[in-house]
Amino acid sequence: MPTDDHQNKPAPKPTPETEHYWEGTKLGELRIQRCRECGQAYFYPRPSCPHCFSTDVSWERSSGRARLHTYLISHRPAPGFADEVPYAIAVVELEEGPRMMTNIVGVEQTPESLVLDMALEVAFEPRGDQSVPVFRPRRDS
Amino acid sequence: MSVRAQSTIVGAAETTRIGVVPDVSALEMHAESARLAVEDAGMLMSDVDGVAAAGLSPIAVAHYLGIAPTYVDATTVGGCSFLLHVRHAAAAIAAGLCEVVLITHGESGRSRVGMPPRVADPTSPQGQFEAPYGTLGPPTMFPMGVLRYMKEFGLTHEQLASVPVAQRKWAANVPRAMFREPLTVDDVLASRLIAYPMHLLECCLVTDGGGALVVTSAERARSLPGPKPPVYVLGTGEAAETPLVSQMEDFTTSKAFRLSSASAFAEAGVGPQDVDHLMVYDAFAHLPIYGLEDLGFVGRGEAGAFIAEGHTSPGGSLPMNTNGGGLSYTHTGMYGMFLVQESIRQLRREASAQVPNVEISLAQGVGGMFMAAGTLILGTAAAAGV
């Protein structure tokens with residue numbers, strides 16, 4: 001389970017194109033982008049739509065609701081994860097459509113507890129001076 | 001323009017030793033295999049006018065060997081890079097840019113002698129959107145889709161474990177393979193978990209070694225024949241999907257496999273039913289499953305049972321990974337070179353675990369974590385119709 005070791009975990013370093021995303025996570029907001037041309041939401045942050053190539057795109061706040069799409073459970077600790085092995089590295093599908101890699105928190109890291117398509121909601125964890133989105137079982141589900 | 005059968009592989013060799021080779025640097029492994037491949041082609045190093053390499057720069061390799069090439073290809077897209085080098089060489093030779101291309105691989109994957117350092121970049125997409133979640137090398141990324149595949153298609157843990165079991169049966173007859181002892185599904189499932197659902201024996205080896213190829217025109221292969229029968233490049237393909245495994249379009253199939261193989265089949269004018277021998281890059285046990293389906297050898301969801309029932313094992317209808325693969329033979333890191341080497345040995349009738357009557361062999365490579373793909377369809381002179 002999560003420990004105080006978050007500061008030793010790899011921290012993201014924003015680029016100009018992703019800065020708005022990382023400003024959002026510090027405020028407890030998961031920000032994604034949507035194309036005004038084709039209407040599709042997308043992740044990871046970039047100034048052009050990967051579906052139709054338009055540069056007419058906007059930012060919005062994701063509901064943070066997601067489903068567990070797939071995962072694996074690593075038995076070898078990455079830096080900062082020594083107290084957590086085995087731990088799941090997951091891909092979730094946001095309600096808005098895009099998928100992202102994440103960790104699943106607040107639940108045992110076992111195949112029995114981590115059921116594909118289970119309902120999740122976003123939470124945030126520190127990584128260095130940044131904050132990254134993680135997901136926990138949805139409370140109202 | 002199709003370049004079908006206009007180019008041939010006339011020289012092929014692996015380093016004398018593979019496996020644990022702590023007394024040879026990565027660069028010297030490129031060079032040793034280069035010397036052996038040129039000798040295998042019956043050529044001199046001075047005949048080479050093109051050099052391609054991945055892992056280390058082709059310029060470093062060429063200069064080390066004493067060549068000033070007038071064609072260079074540094075395409076580096078992971079373990080399938082060498083399959084792309086063959087494709088590019090075939091096109092360049094057909095276009096008249098060069099005549100004899102040397103393609104080299106050398107990697108001290110296990111001993112790490114003379115290897116560039118691994119550098120993490122926290123500003124890269126992977127550094128920002130994957131590494132913070134505790135990824136640690138390919139075992140924590142490549143199998144990301146396996147549980148989704150299991151849920152969608154009913155693949156069982158036993159079927160997944162049957163992949164290394166099938167390949168060990170081939171390795172039993174391959175003296176150079178690192179592991180040759182018989183293996184059971186129970187052995188695989190009893191080995192320790194590396195990244196659930198993958199056990200240790202469902203993950204590739206980590207070894208040292210190298211290999212090289214010499215590609216030239218079919219015309220030169222006929223007018224200046226070497227000691228070995230030329231292997232014809234019948235069809236080729238390449239494709240790229242995503243640098244981030246988490247952004248795969250569909251976790252149960254590789255878009256790069258599909259695009260790359262479709263291109264190769266179209267160029268060769270053959271289909272899966274025409275392939276006598278198959279190599280599918282097996283960094284992990286699920287790759288041959290994805291490969292069999294994405295290339296069209298079996299239907300969606302059928303590959304696990306197909307392998308478990310023995311169809312890819314010795315005596316089966318579709319001999320696959322006959323050197324034992326990355327799971328039993330060797331896996332230096334960029335294993336793709338060894339796929340091509342085994343396809344060539346089978347077509348030349350010089351493989352350790354020789355399959356009878358191989359006229360067409362297909363090698364399917366992967367780069368990164370389903371990041372990129374390369375496909376080569378190779379054949380004998382009879383298959384090429386020459």
# chains A, B, ... in the order shown; residues from 1 in each chain; ligands from 1
>>> residues_around(residues="Gln346 (chain B)", least_positions_apart="3", cutoff="8 Å", atoms="only C-alpha atoms", output="list in words")
His277, Glu342, Ser343, Arg349, Glu350, Ala351, Gln354, Val355, Val358 and Ser361 of chain B
>>> write_last_selection(atoms="N, CA, C and O atoms", output="PDB file, in the first residue's frame")
ATOM      1  N   HIS B 277       7.454 -21.809 -42.650  1.00  0.00           N
ATOM      2  CA  HIS B 277       8.215 -21.672 -41.411  1.00  0.00           C
ATOM      3  C   HIS B 277       8.066 -20.241 -40.911  1.00  0.00           C
ATOM      4  O   HIS B 277       8.132 -19.300 -41.703  1.00  0.00           O
ATOM      5  N   GLU B 342      17.692 -17.359 -38.213  1.00  0.00           N
ATOM      6  CA  GLU B 342      17.070 -18.680 -38.203  1.00  0.00           C
ATOM      7  C   GLU B 342      16.240 -18.906 -39.475  1.00  0.00           C
ATOM      8  O   GLU B 342      16.237 -20.009 -40.032  1.00  0.00           O
ATOM      9  N   SER B 343      15.569 -17.878 -39.957  1.00  0.00           N
ATOM     10  CA  SER B 343      14.840 -18.023 -41.229  1.00  0.00           C
ATOM     11  C   SER B 343      15.810 -18.415 -42.342  1.00  0.00           C
ATOM     12  O   SER B 343      15.519 -19.295 -43.162  1.00  0.00           O
ATOM     13  N   ARG B 349      18.729 -24.917 -45.453  1.00  0.00           N
ATOM     14  CA  ARG B 349      18.795 -26.316 -44.975  1.00  0.00           C
ATOM     15  C   ARG B 349      19.985 -26.535 -44.035  1.00  0.00           C
ATOM     16  O   ARG B 349      20.600 -27.586 -44.061  1.00  0.00           O
ATOM     17  N   GLU B 350      20.292 -25.529 -43.210  1.00  0.00           N
ATOM     18  CA  GLU B 350      21.423 -25.707 -42.297  1.00  0.00           C
ATOM     19  C   GLU B 350      21.053 -25.415 -40.845  1.00  0.00           C
ATOM     20  O   GLU B 350      21.917 -25.151 -40.006  1.00  0.00           O
ATOM     21  N   ALA B 351      19.756 -25.474 -40.528  1.00  0.00           N
ATOM     22  CA  ALA B 351      19.324 -25.224 -39.151  1.00  0.00           C
ATOM     23  C   ALA B 351      19.593 -26.438 -38.271  1.00  0.00           C
ATOM     24  O   ALA B 351      19.622 -27.573 -38.755  1.00  0.00           O
ATOM     25  N   GLN B 354      16.199 -28.572 -38.181  1.00  0.00           N
ATOM     26  CA  GLN B 354      15.769 -28.310 -39.555  1.00  0.00           C
ATOM     27  C   GLN B 354      14.355 -28.832 -39.815  1.00  0.00           C
ATOM     28  O   GLN B 354      14.043 -29.980 -39.497  1.00  0.00           O
ATOM     29  N   VAL B 355      13.548 -27.963 -40.400  1.00  0.00           N
ATOM     30  CA  VAL B 355      12.203 -28.352 -40.826  1.00  0.00           C
ATOM     31  C   VAL B 355      12.309 -28.781 -42.288  1.00  0.00           C
ATOM     32  O   VAL B 355      12.975 -28.105 -43.074  1.00  0.00           O
ATOM     33  N   VAL B 358      11.376 -26.306 -46.388  1.00  0.00           N
ATOM     34  CA  VAL B 358      11.014 -24.901 -46.186  1.00  0.00           C
ATOM     35  C   VAL B 358      11.369 -24.107 -47.442  1.00  0.00           C
ATOM     36  O   VAL B 358      12.537 -24.023 -47.818  1.00  0.00           O
ATOM     37  N   SER B 361       9.844 -18.592 -45.632  1.00  0.00           N
ATOM     38  CA  SER B 361       9.907 -18.349 -44.195  1.00  0.00           C
ATOM     39  C   SER B 361       9.528 -16.900 -43.926  1.00  0.00           C
ATOM     40  O   SER B 361       9.934 -15.993 -44.660  1.00  0.00           O
TER      41      SER B 361
END
>>> closest_atom_pairs(of="chain B", to="chain A", cutoff="8 Å", atoms="only C-alpha atoms", output="tab-separated table")
residue	atom	partner	partner_atom	distance
B:Pro122	CA	A:Pro12	CA	5.1
B:Thr123	CA	A:Lys13	CA	4.8
B:Pro125	CA	A:Tyr44	CA	7.9
B:Gly127	CA	A:Pro12	CA	5.8
B:Gln128	CA	A:Pro12	CA	4.2
B:Phe129	CA	A:Met101	CA	6.8
B:Glu130	CA	A:Met101	CA	5.9
B:Ala131	CA	A:Pro10	CA	6.2
B:Pro132	CA	A:Pro10	CA	4.8
B:Tyr133	CA	A:Thr102	CA	5.7
B:Gly134	CA	A:Ala78	CA	5.1
B:Thr135	CA	A:Ala78	CA	6.3
B:Leu136	CA	A:Ala78	CA	5.4
B:Thr140	CA	A:Ser74	CA	6.1
B:Pro143	CA	A:Leu72	CA	7.2
B:Met144	CA	A:Tyr71	CA	5.6
B:Gly145	CA	A:Thr70	CA	6.1
B:Val146	CA	A:Thr70	CA	7.8
B:Leu147	CA	A:Thr70	CA	6.1
B:Arg148	CA	A:Thr70	CA	5.4
B:Leu193	CA	A:His75	CA	6.7
B:Ile194	CA	A:His75	CA	5.3
B:Ala195	CA	A:Ser74	CA	4.2
B:Tyr196	CA	A:Ile73	CA	4.8
B:Pro197	CA	A:Leu72	CA	6.6
B:Ser246	CA	A:Met101	CA	5.6
B:Gln247	CA	A:Arg99	CA	6.8
>>> atom_distance(atom1="CA of Phe297 (chain B)", atom2="CA of Val206 (chain B)")
28.7 Å
>>> residues_around(residues="His88 (chain B)", least_positions_apart="6", cutoff="12 Å", atoms="only C-alpha atoms", output="PyMOL selection string")
chain B and resi 3+7+50-53+71-75+81-82+94-95+97-98+101-103+215-216+233+235-238+374-376
>>> closest_residue(among="B:Pro230, B:Gly79, B:Pro164, B:Gly66", to="Thr380 (chain B)", atoms="only C-alpha atoms")
B:Pro230
>>> select_by_dssp(residues="chain A", states="strand (DSSP E)", output="MDAnalysis selection string")
chainID A and resid 31:35 41:42 57:61 65:74 87:94 99:102 119:127 130:137
